[in-house]
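> Following this message is one structure expressed as structure tokens.
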Amino acid sequence: MGLVEVSNVGKVYYHRHPMPKRNVIIMSCKTLTAAAVVLLMLTAGCSTLERLVYRPDINQGNYLTANDLAKIHTGMTKQQVAYTLGTPMMRDPFGSNTWFYIFRRQPGHQPVTQQTVTLTFNDAGVLTNINRRDALDSAQQ
């Protein structure tokens, strides 16, 4: 920190240099550190903070337990199945002899799971086939 001589109409004033070199070095280090932190945050994106953000569980469709599915069997009528399991999520658009009970669960930060139960009835409205698929195929994800 040196003193600088400033002359003004025959008078001499001494004052400190406005910014010593040491402060310039400290400020440039702080600036570089801040720039590095910003660069790190931009390159990391939100992927590291994704687990900190709350994502609610999303459940859609007909939730059927193993106990519910154990109650149905071939030979039941459409009315009996509807009373036991409830109304289906979808019916076959080309006829009313196929019912689909679909349950899709998307837990917060975990992969989606889907349970599909397909019931097929004959023309008399009697249950002839029960097809149960518990997991999504990798092609559907």
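Labels used: A, B, ... for chains in the order of the structure tokens, numbers from 1 for residues in each chain, and numbers from 1 for ligands as shown.
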Leaving out region 54-67 of chain A and any residue of its chain fewer than 3 positions from it, which residues lie within 6 Å of it when counting only C-alpha atoms, given as a ChimeraX atom specification?
/A:70,101-108
> For a quick check of understanding, using only C-alpha atoms, which of A:Val112, A:Thr74, A:Gly125, A:Val38 has the smallest distance to Gly95 (chain A)?
A:Gly125
> Fewer than 2 positions away in the same chain doesn't count, so skip those; otherwise give me all residues within 8 Å of Val126 (chain A), counting only C-alpha atoms, as a list in words.
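Near Val126 (chain A), the qualifying residues are Thr74, Gly75, Met76, Thr77, Lys78, Phe121, Asn122, Asp123, Ala124 and Thr128 of chain A.
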> Go ahead and dump the residues you just picked, C-alpha atoms, as a PDB file, in the first residue's frame.

ATOM      1  CA  THR A  74     -64.607 -69.252 -15.468  1.00  0.00           C
ATOM      2  CA  GLY A  75     -68.317 -69.886 -15.681  1.00  0.00           C
ATOM      3  CA  MET A  76     -69.319 -66.609 -13.956  1.00  0.00           C
ATOM      4  CA  THR A  77     -71.687 -64.195 -15.700  1.00  0.00           C
ATOM      5  CA  LYS A  78     -70.866 -60.603 -16.610  1.00  0.00           C
ATOM      6  CA  PHE A 121     -66.836 -63.831 -22.289  1.00  0.00           C
ATOM      7  CA  ASN A 122     -68.716 -65.983 -24.775  1.00  0.00           C
ATOM      8  CA  ASP A 123     -71.843 -64.840 -26.621  1.00  0.00           C
ATOM      9  CA  ALA A 124     -74.018 -65.971 -23.706  1.00  0.00           C
ATOM     10  CA  THR A 128     -64.447 -68.247 -20.583  1.00  0.00           C
TER      11      THR A 128
END
> What is the CA of Arg132 (chain A)-CA of His109 (chain A) distance in Å, reported with one decimal?
25.9 Å
> Which residue, A:Ile72, A:Ala34, A:Ala82, A:Phe94, has the smallest gap to Asn131 (chain A) when you use only C-alpha atoms?
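Using only C-alpha atoms, Asn131 (chain A) sits closest to A:Ile72.
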